[in-house]
$ cat start-v1.txt   # compact mmCIF, C-alpha atoms and all ligand atoms
# COMPACT_ATOMS: atom_id res chain seq x y z
CA MET A 1 -41.85 -11.40 -42.08
CA ALA A 2 -43.51 -8.02 -41.84
CA ILE A 3 -41.42 -4.99 -41.06
CA THR A 4 -42.78 -2.00 -39.18
CA ARG A 5 -41.01 1.29 -39.69
CA SER A 6 -41.83 4.97 -39.45
CA GLY A 7 -42.19 7.28 -42.45
CA ALA A 8 -38.93 8.52 -43.91
CA HIS A 9 -37.70 12.04 -43.38
CA THR A 10 -39.16 14.43 -45.91
CA VAL A 11 -37.34 17.72 -46.20
CA GLU A 12 -35.43 16.60 -49.34
CA LEU A 13 -38.70 16.36 -51.22
CA LEU A 14 -39.09 20.13 -50.95
CA ASP A 15 -36.00 20.53 -53.14
CA LYS A 16 -36.59 17.52 -55.36
CA LEU A 17 -40.10 18.16 -56.68
CA PRO A 18 -40.91 20.81 -59.29
CA ARG A 19 -42.58 23.93 -57.88
CA GLU A 20 -45.72 23.31 -59.98
CA GLU A 21 -46.24 19.96 -58.28
CA HIS A 22 -45.96 21.55 -54.85
CA LEU A 23 -48.48 24.22 -55.80
CA GLU A 24 -50.89 21.64 -57.20
CA MET A 25 -50.78 19.58 -53.99
CA TYR A 26 -51.30 22.76 -51.95
CA ARG A 27 -54.20 23.83 -54.20
CA MET A 28 -55.83 20.40 -53.85
CA MET A 29 -55.67 20.50 -50.05
CA VAL A 30 -57.22 23.98 -50.05
CA LEU A 31 -59.92 22.83 -52.50
CA ILE A 32 -60.82 19.84 -50.30
CA ARG A 33 -61.01 22.08 -47.21
CA ARG A 34 -63.19 24.76 -48.84
CA PHE A 35 -65.36 22.22 -50.66
CA GLU A 36 -66.09 20.47 -47.40
CA GLU A 37 -66.73 23.69 -45.48
CA MET A 38 -69.30 24.50 -48.15
CA ALA A 39 -70.77 20.98 -47.97
CA GLY A 40 -71.14 21.39 -44.18
CA LYS A 41 -72.88 24.75 -44.70
CA LYS A 42 -75.27 23.35 -47.31
CA TYR A 43 -76.03 20.39 -45.06
CA MET A 44 -76.98 22.76 -42.22
CA GLU A 45 -79.24 24.60 -44.68
CA ALA A 46 -80.89 21.20 -45.35
CA VAL A 47 -80.01 21.45 -49.03
CA ILE A 48 -77.92 18.28 -48.73
CA GLY A 49 -79.77 15.32 -47.24
CA GLY A 50 -78.79 11.91 -45.91
CA PHE A 51 -75.42 11.49 -44.23
CA CYS A 52 -72.40 13.76 -44.57
CA HIS A 53 -69.01 12.92 -43.03
CA LEU A 54 -66.40 15.63 -43.36
CA TYR A 55 -62.67 14.97 -43.88
CA ILE A 56 -61.49 18.37 -42.60
CA GLY A 57 -58.05 17.98 -40.95
CA GLN A 58 -57.12 14.80 -42.86
CA GLU A 59 -56.40 16.40 -46.26
CA ALA A 60 -52.65 15.62 -46.33
CA VAL A 61 -53.32 11.88 -46.33
CA CYS A 62 -55.24 11.52 -49.57
CA VAL A 63 -53.41 14.33 -51.37
CA GLY A 64 -50.02 12.82 -50.48
CA ILE A 65 -51.09 9.35 -51.59
CA GLN A 66 -52.94 10.32 -54.77
CA SER A 67 -50.06 12.57 -55.85
CA VAL A 68 -47.89 9.52 -56.61
CA LEU A 69 -50.54 7.46 -58.42
CA ARG A 70 -51.00 7.13 -62.17
CA PRO A 71 -54.36 7.90 -63.78
CA ASP A 72 -54.92 4.17 -64.39
CA ASP A 73 -54.40 3.22 -60.73
CA TYR A 74 -57.44 2.48 -58.58
CA ALA A 75 -58.67 4.01 -55.33
CA MET A 76 -61.63 3.50 -53.04
CA GLY A 77 -62.73 4.85 -49.69
CA THR A 78 -65.29 4.87 -46.94
CA TYR A 79 -68.25 7.21 -46.42
CA ARG A 80 -65.64 9.97 -45.60
CA GLU A 81 -64.45 10.09 -49.20
CA HIS A 82 -65.12 13.57 -50.64
CA GLY A 83 -61.43 14.48 -50.34
CA GLN A 84 -60.20 11.23 -51.85
CA ALA A 85 -62.57 11.63 -54.80
CA LEU A 86 -61.37 15.19 -55.42
CA ALA A 87 -57.72 14.17 -55.10
CA ALA A 88 -58.36 11.33 -57.56
CA GLY A 89 -59.22 14.03 -60.11
CA MET A 90 -62.99 13.68 -60.11
CA ASP A 91 -64.99 16.70 -61.23
CA ALA A 92 -65.75 18.88 -58.19
CA ARG A 93 -68.99 20.14 -59.76
CA ALA A 94 -70.32 16.63 -60.29
CA ILE A 95 -69.32 15.66 -56.73
CA MET A 96 -71.26 18.61 -55.30
CA ALA A 97 -74.22 17.73 -57.54
CA GLU A 98 -74.11 14.19 -56.11
CA LEU A 99 -74.26 15.59 -52.58
CA PHE A 100 -77.32 17.59 -53.68
CA GLY A 101 -78.86 14.37 -55.09
CA LYS A 102 -78.96 15.71 -58.66
CA ALA A 103 -78.98 13.78 -61.94
CA THR A 104 -75.67 15.40 -62.97
CA GLY A 105 -73.91 13.93 -59.92
CA VAL A 106 -71.04 11.46 -60.23
CA SER A 107 -73.42 8.65 -59.28
CA LYS A 108 -76.38 10.25 -61.11
CA GLY A 109 -77.88 11.43 -57.83
CA LYS A 110 -78.51 7.86 -56.67
CA GLY A 111 -75.66 7.55 -54.18
CA GLY A 112 -75.14 10.82 -52.30
CA SER A 113 -72.21 11.72 -50.09
CA MET A 114 -71.21 8.17 -49.17
CA HIS A 115 -71.27 6.68 -52.68
CA LEU A 116 -69.14 8.80 -54.97
CA PHE A 117 -68.03 6.75 -57.97
CA ASP A 118 -66.21 7.46 -61.23
CA LYS A 119 -65.18 4.72 -63.59
CA SER A 120 -63.24 7.15 -65.78
CA ARG A 121 -60.94 7.91 -62.82
CA ASN A 122 -60.89 4.33 -61.52
CA PHE A 123 -62.43 5.62 -58.30
CA MET A 124 -64.34 2.57 -57.12
CA GLY A 125 -66.53 4.36 -54.69
CA GLY A 126 -67.21 5.30 -51.17
CA ASP A 127 -68.68 2.55 -49.04
CA ALA A 128 -70.96 2.96 -46.04
CA ILE A 129 -70.12 -0.40 -44.45
CA VAL A 130 -67.13 -0.17 -42.11
CA GLY A 131 -64.51 -2.55 -43.52
CA GLY A 132 -66.86 -3.58 -46.33
CA HIS A 133 -64.68 -2.35 -49.18
CA LEU A 134 -61.46 -4.05 -48.06
CA PRO A 135 -62.37 -7.38 -49.71
CA ILE A 136 -63.40 -5.37 -52.79
CA ALA A 137 -59.92 -3.82 -52.86
CA ALA A 138 -58.43 -7.30 -52.65
CA GLY A 139 -60.62 -8.24 -55.62
CA VAL A 140 -59.36 -5.28 -57.62
CA GLY A 141 -55.82 -6.30 -56.67
CA LEU A 142 -56.51 -9.83 -57.88
CA SER A 143 -57.83 -8.47 -61.19
CA ILE A 144 -54.64 -6.41 -61.65
CA LYS A 145 -52.49 -9.44 -60.94
CA TYR A 146 -54.61 -11.69 -63.18
CA ARG A 147 -54.12 -9.26 -66.07
CA ALA A 148 -50.39 -9.05 -65.28
CA ALA A 149 -50.74 -5.24 -65.17
CA ASP A 150 -48.58 -2.96 -63.03
CA GLN A 151 -51.38 -0.84 -61.61
CA VAL A 152 -51.97 -0.50 -57.87
CA CYS A 153 -55.16 -0.21 -55.85
CA VAL A 154 -55.32 2.15 -52.86
CA CYS A 155 -57.89 1.37 -50.19
CA TYR A 156 -58.59 4.08 -47.58
CA PHE A 157 -60.31 3.21 -44.30
CA GLY A 158 -60.43 4.28 -40.67
CA ASP A 159 -59.04 2.93 -37.41
CA GLY A 160 -62.46 1.40 -36.67
CA ALA A 161 -62.20 -0.96 -39.64
CA VAL A 162 -59.20 -2.86 -38.28
CA ASN A 163 -61.48 -4.60 -35.78
CA GLU A 164 -63.82 -5.92 -38.46
CA GLY A 165 -63.62 -9.49 -39.74
CA ALA A 166 -63.53 -8.26 -43.34
CA PHE A 167 -60.25 -6.44 -42.60
CA HIS A 168 -58.53 -9.66 -41.52
CA GLU A 169 -59.94 -11.75 -44.34
CA ALA A 170 -58.90 -9.18 -46.95
CA LEU A 171 -55.40 -8.74 -45.53
CA ASN A 172 -54.82 -12.45 -45.20
CA ILE A 173 -55.71 -13.22 -48.81
CA SER A 174 -53.83 -10.14 -50.05
CA GLY A 175 -50.72 -11.21 -48.17
CA LEU A 176 -51.04 -14.80 -49.34
CA TRP A 177 -51.51 -13.90 -53.00
CA LYS A 178 -49.17 -10.86 -52.94
CA LEU A 179 -51.81 -8.52 -54.33
CA PRO A 180 -50.83 -4.95 -55.36
CA VAL A 181 -53.07 -3.23 -52.82
CA ILE A 182 -51.99 -0.33 -50.61
CA TYR A 183 -54.12 -0.37 -47.49
CA VAL A 184 -54.21 3.13 -46.02
CA CYS A 185 -55.53 3.26 -42.47
CA GLU A 186 -56.41 6.85 -41.55
CA ASN A 187 -56.08 6.66 -37.79
CA ASN A 188 -57.95 9.76 -36.62
CA LEU A 189 -58.11 8.36 -33.06
CA TYR A 190 -61.88 7.77 -33.06
CA GLY A 191 -64.41 5.40 -34.55
CA MET A 192 -67.53 7.56 -34.16
CA GLY A 193 -67.11 8.46 -30.45
CA THR A 194 -64.95 5.50 -29.40
CA GLN A 195 -61.27 6.20 -28.88
CA VAL A 196 -58.95 3.72 -30.58
CA THR A 197 -57.42 2.67 -27.23
CA ARG A 198 -60.88 1.55 -26.06
CA ALA A 199 -61.52 -0.53 -29.19
CA SER A 200 -58.19 -2.08 -30.22
CA ALA A 201 -56.31 -4.67 -28.13
CA VAL A 202 -53.15 -3.49 -29.97
CA PRO A 203 -53.58 0.25 -30.54
CA ASP A 204 -50.37 0.44 -32.62
CA LEU A 205 -52.32 -0.27 -35.79
CA SER A 206 -49.39 -0.71 -38.16
CA ARG A 207 -48.46 -3.79 -36.09
CA ARG A 208 -51.89 -5.34 -36.56
CA VAL A 209 -50.94 -6.73 -39.98
CA SER A 210 -47.80 -8.51 -38.85
CA GLY A 211 -49.70 -11.80 -38.88
CA TYR A 212 -50.31 -11.54 -42.61
CA GLY A 213 -46.79 -11.12 -43.97
CA ILE A 214 -47.52 -7.59 -45.13
CA GLU A 215 -44.98 -4.80 -44.96
CA SER A 216 -46.30 -1.91 -42.90
CA ALA A 217 -45.27 1.55 -41.81
CA HIS A 218 -46.78 4.47 -39.97
CA VAL A 219 -46.49 8.13 -40.86
CA ASP A 220 -47.42 11.59 -39.58
CA GLY A 221 -50.65 12.12 -41.51
CA MET A 222 -50.54 15.89 -40.95
CA ASP A 223 -47.30 16.17 -42.92
CA LEU A 224 -48.07 16.03 -46.63
CA LEU A 225 -44.52 15.33 -47.77
CA ALA A 226 -44.03 12.59 -45.19
CA VAL A 227 -47.15 10.89 -46.53
CA ARG A 228 -46.01 11.34 -50.11
CA ASN A 229 -42.57 9.93 -49.32
CA LEU A 230 -44.00 6.78 -47.80
CA ALA A 231 -46.59 6.46 -50.58
CA GLU A 232 -43.77 6.43 -53.15
CA VAL A 233 -42.18 3.48 -51.37
CA ALA A 234 -45.50 1.62 -51.13
CA VAL A 235 -46.35 2.18 -54.80
CA ARG A 236 -42.90 1.10 -55.94
CA GLU A 237 -43.10 -2.09 -53.88
CA CYS A 238 -46.54 -2.95 -55.22
CA ARG A 239 -45.63 -2.25 -58.86
CA ASN A 240 -42.58 -4.48 -58.45
CA GLY A 241 -44.73 -7.37 -57.28
CA ASN A 242 -43.82 -6.95 -53.59
CA GLY A 243 -47.27 -5.90 -52.45
CA PRO A 244 -49.42 -5.52 -50.52
CA TYR A 245 -48.41 -2.60 -48.31
CA PHE A 246 -50.05 -1.20 -45.18
CA ILE A 247 -49.78 2.48 -44.21
CA GLU A 248 -51.05 3.85 -40.94
CA ALA A 249 -51.43 7.62 -41.24
CA LYS A 250 -51.85 9.27 -37.86
CA THR A 251 -54.29 12.10 -38.39
CA TYR A 252 -57.28 13.91 -36.88
CA ARG A 253 -60.71 15.12 -37.92
CA TYR A 254 -61.65 18.52 -36.56
CA ARG A 255 -65.38 18.04 -37.04
CA GLY A 256 -67.63 15.43 -35.46
CA HIS A 257 -67.95 11.95 -36.92
CA SER A 258 -70.85 13.13 -39.09
CA MET A 259 -72.86 16.32 -39.26
CA ALA A 260 -75.11 14.88 -36.52
CA ASP A 261 -72.26 14.52 -34.00
CA PRO A 262 -71.48 17.38 -31.55
CA ALA A 263 -68.23 15.54 -30.55
CA THR A 264 -68.73 15.77 -26.79
CA TYR A 265 -66.47 12.72 -26.19
CA ARG A 266 -63.29 14.77 -26.60
CA SER A 267 -62.00 18.02 -25.18
CA LYS A 268 -61.72 21.33 -27.01
CA ASP A 269 -58.06 21.40 -25.95
CA GLU A 270 -57.39 18.16 -27.81
CA VAL A 271 -58.89 19.58 -31.00
CA GLU A 272 -56.87 22.78 -30.62
CA GLU A 273 -53.64 20.81 -30.09
CA TRP A 274 -54.14 19.10 -33.44
CA ARG A 275 -55.14 22.31 -35.19
CA VAL A 276 -51.71 23.75 -34.36
CA ARG A 277 -50.33 21.14 -36.77
CA ASP A 278 -52.92 21.82 -39.44
CA PRO A 279 -51.73 20.07 -42.63
CA ILE A 280 -52.52 22.99 -44.93
CA ASN A 281 -50.84 25.58 -42.70
CA LEU A 282 -47.81 23.31 -42.23
CA PHE A 283 -47.29 22.82 -45.97
CA GLU A 284 -47.99 26.51 -46.70
CA ARG A 285 -45.29 27.49 -44.17
CA GLN A 286 -42.81 25.02 -45.70
CA LEU A 287 -43.38 26.39 -49.20
CA LEU A 288 -43.23 30.04 -48.12
CA ASP A 289 -40.04 29.49 -46.10
CA LYS A 290 -38.38 27.75 -49.05
CA GLY A 291 -39.44 30.55 -51.42
CA LEU A 292 -41.42 28.04 -53.50
CA MET A 293 -44.58 30.06 -52.95
CA LYS A 294 -45.24 33.76 -52.38
CA ASP A 295 -48.05 35.42 -50.42
CA ALA A 296 -49.52 36.41 -53.78
CA ASP A 297 -49.73 32.71 -54.75
CA VAL A 298 -51.60 31.96 -51.52
CA GLN A 299 -54.11 34.73 -52.31
CA ARG A 300 -54.50 33.65 -55.93
CA ILE A 301 -55.05 29.98 -55.09
CA SER A 302 -57.47 30.94 -52.34
CA SER A 303 -59.65 33.04 -54.65
CA GLU A 304 -59.48 30.52 -57.51
CA VAL A 305 -60.62 27.75 -55.17
CA ASP A 306 -63.42 29.89 -53.70
CA GLN A 307 -64.63 30.64 -57.22
CA LEU A 308 -64.58 26.94 -58.14
CA VAL A 309 -66.54 25.99 -55.00
CA ASP A 310 -69.13 28.68 -55.79
CA GLU A 311 -69.40 27.27 -59.32
CA CYS A 312 -69.92 23.80 -57.83
CA VAL A 313 -72.86 25.05 -55.76
CA GLN A 314 -74.35 26.93 -58.70
CA PHE A 315 -74.00 23.85 -60.94
CA ALA A 316 -75.60 21.62 -58.29
CA GLU A 317 -78.44 24.08 -57.65
CA GLU A 318 -79.25 24.48 -61.34
CA SER A 319 -79.06 20.75 -62.13
CA PRO A 320 -82.26 18.70 -62.42
CA ALA A 321 -83.27 16.04 -59.92
CA PRO A 322 -83.21 12.48 -61.33
CA SER A 323 -86.42 11.71 -63.21
CA PRO A 324 -88.75 9.11 -61.66
CA ASP A 325 -88.12 6.94 -64.77
CA ALA A 326 -84.48 6.60 -63.67
CA LEU A 327 -85.50 4.67 -60.56
CA TYR A 328 -84.84 1.25 -62.08
CA GLU A 329 -81.74 2.16 -64.08
CA TYR A 330 -78.38 0.64 -63.05
CA VAL A 331 -79.98 -1.90 -60.77
CA TYR A 332 -78.28 -4.68 -62.74
CA ALA A 333 -74.65 -4.66 -63.86
CA SER A 334 -75.44 -5.20 -67.55
CA GLU A 335 -76.10 -1.51 -68.17
CA GLU A 336 -73.20 0.76 -69.18
CA ILE A 337 -72.30 3.26 -66.48
C1 LIG A 401 -70.19 -2.86 -40.36
C2 LIG A 401 -70.56 -1.53 -39.77
N1 LIG A 401 -70.65 -1.40 -38.42
C3 LIG A 401 -70.98 -0.19 -37.88
C4 LIG A 401 -71.25 0.88 -38.70
C5 LIG A 401 -71.59 2.23 -38.09
N2 LIG A 401 -70.43 3.10 -38.22
C6 LIG A 401 -70.36 4.00 -39.22
S1 LIG A 401 -68.94 4.85 -39.18
C7 LIG A 401 -68.39 4.03 -37.82
C8 LIG A 401 -67.07 4.37 -37.20
C9 LIG A 401 -65.90 3.99 -38.05
O1 LIG A 401 -64.75 4.65 -37.60
P1 LIG A 401 -63.40 4.61 -38.38
O2 LIG A 401 -63.25 3.32 -39.08
O3 LIG A 401 -62.33 5.00 -37.43
O4 LIG A 401 -63.55 5.73 -39.52
P2 LIG A 401 -63.73 7.31 -39.36
O5 LIG A 401 -65.20 7.55 -39.28
O6 LIG A 401 -63.01 7.74 -38.14
O7 LIG A 401 -63.18 7.90 -40.60
C10 LIG A 401 -69.33 3.12 -37.40
C11 LIG A 401 -69.16 2.25 -36.23
C12 LIG A 401 -71.16 0.70 -40.10
N3 LIG A 401 -71.39 1.70 -40.96
N4 LIG A 401 -70.80 -0.51 -40.61
MG MG A 402 -61.48 6.83 -37.08

$ encode --input "start-v1.txt" --output "structure tokens"
Amino acid sequence: MAITRSGAHTVELLDKLPREEHLEMYRMMVLIRRFEEMAGKKYMEAVIGGFCHLYIGQEAVCVGIQSVLRPDDYAMGTYREHGQALAAGMDARAIMAELFGKATGVSKGKGGSMHLFDKSRNFMGGDAIVGGHLPIAAGVGLSIKYRAADQVCVCYFGDGAVNEGAFHEALNISGLWKLPVIYVCENNLYGMGTQVTRASAVPDLSRRVSGYGIESAHVDGMDLLAVRNLAEVAVRECRNGNGPYFIEAKTYRYRGHSMADPATYRSKDEVEEWRVRDPINLFERQLLDKGLMKDADVQRISSEVDQLVDECVQFAEESPAPSPDALYEYVYASEEI
């Protein structure tokens, strides 16, 4: 029988975790924000081509989740996966180079923004098909179980994916076979321009999995420590063989669905209401109030991150485009990645 419950209270985590861990999570959220602002700028300059979906506003979700994973755990996401890839420890320079379509990119310039991949970090990619990677996550979960390992696989997706057939097939088999997969639904209220209440018969998404015997919970996705707290529970359950686990993180994207979307389907007031609870500002305030961070730390992290993002752009600009000979490489799985 599935249980639905809200994320646990989080304030104790402020005391419990070492200061360095807090600062690293803060730094990662700032890096994701600045990296994406730069990606948006470079897209508008037509330096980045193809699609580009920004994660700005949702940073606390992936940083909170990834912060409790081990390096040998797996993660995968949608086309909105820059932040998840960074939080999984992938090289920011190689991610930017991928966005620029360069040979030094994480997918050798063949994938672009929606197909970031890194075997060394067990990041199994972005995926452009809504719901398409959920069965893949179930497959990774099956491989973990088959090997009797205690890894977990995190699968990030949006509120739009819960209405896809692949979602229900993946959750059913995961529930039946007790696979160690943490399904993280980032409910940012919209699938492109369609509000979740206009697309889902049951808009309380954490209840949608009750038919599959999967434990589920929802959490304030703007509160980093709330996300981390719930992620700890989910990871523990999955490592102990009590998976899968479903997390609904209630969050918001400030930008349009993609760079091509002026977001006219929602009011400016709504965006501003969410910005008041900006995840980076909220966590910064918590750390400053607790004395875990000083204004000088904020300045230092800000300039270090800006420098890194500038290095990313320089690296991407100076990198070569893939050679025409590379066109047929990696078409078949036999080649080493
Ligand atoms: C199977 C499929 N149907 C439709 C699309 C077009 N499409 C791309 S993104 C998207 C909206 C998905 O919204 P959601 O799952 O909430 O994720 P978000 O973009 O909000 O992160 C749609 C319909 C697609 N890529 N794949
Ligand atoms: Mg959405």

$ atom_distance --input "start-v1.txt" --atom1 "CA of Lys290 (chain A)" --atom2 "CA of Leu224 (chain A)"
15.4 Å

$ axis_aligned_box --input "start-v1.txt" --around "region 188-192 of chain A" --padding-each-side "8 Å" --output "JSON"
{"center_x": -62.7, "center_y": 7.6, "center_z": -34.8, "size_x": 25.6, "size_y": 20.4, "size_z": 19.6}

$ closest_residue --input "start-v1.txt" --among "A:Asp297, A:Asp150, A:Glu215, A:Glu272" --to "Asn240 (chain A)" --atoms "only C-alpha atoms"
A:Asp150

$ residues_near_ligand --input "start-v1.txt" --ligand "ligand LIG 401 (chain A)" --cutoff "10 Å" --atoms "all atoms listed in the file" --output "PyMOL selection string"
chain A and resi 53-55+58+77-81+127-132+156-166+185-196+199+251-253+256-258

$ atom_distance --input "start-v1.txt" --atom1 "CA of Glu12 (chain A)" --atom2 "CA of Glu284 (chain A)"
16.2 Å

$ atom_distance --input "start-v1.txt" --atom1 "CA of Ala316 (chain A)" --atom2 "CA of Phe100 (chain A)"
6.4 Å

$ residues_around --input "start-v1.txt" --residues "region 66-73 of chain A" --least-positions-apart "5" --cutoff "12 Å" --atoms "all atoms listed in the file" --output "PyMOL selection string"
chain A and resi 17+21-26+28-29+59-61+83-90+119-124+137+140-141+144+149-156+180-182+184+224-225+227-236+238-239

$ closest_residue --input "start-v1.txt" --among "A:Lys250, A:Lys102, A:His218, A:Arg266" --to "ligand MG 402 (chain A)" --atoms "all atoms listed in the file"
A:Lys250

$ closest_residue --input "start-v1.txt" --among "A:Ser174, A:Gln286, A:Ser200, A:Ser323" --to "ligand MG 402 (chain A)" --atoms "all atoms listed in the file"
A:Ser200

$ closest_residue --input "start-v1.txt" --among "A:Ala326, A:Ile247, A:Val331, A:Val47" --to "Lys108 (chain A)" --atoms "all atoms listed in the file"
A:Ala326
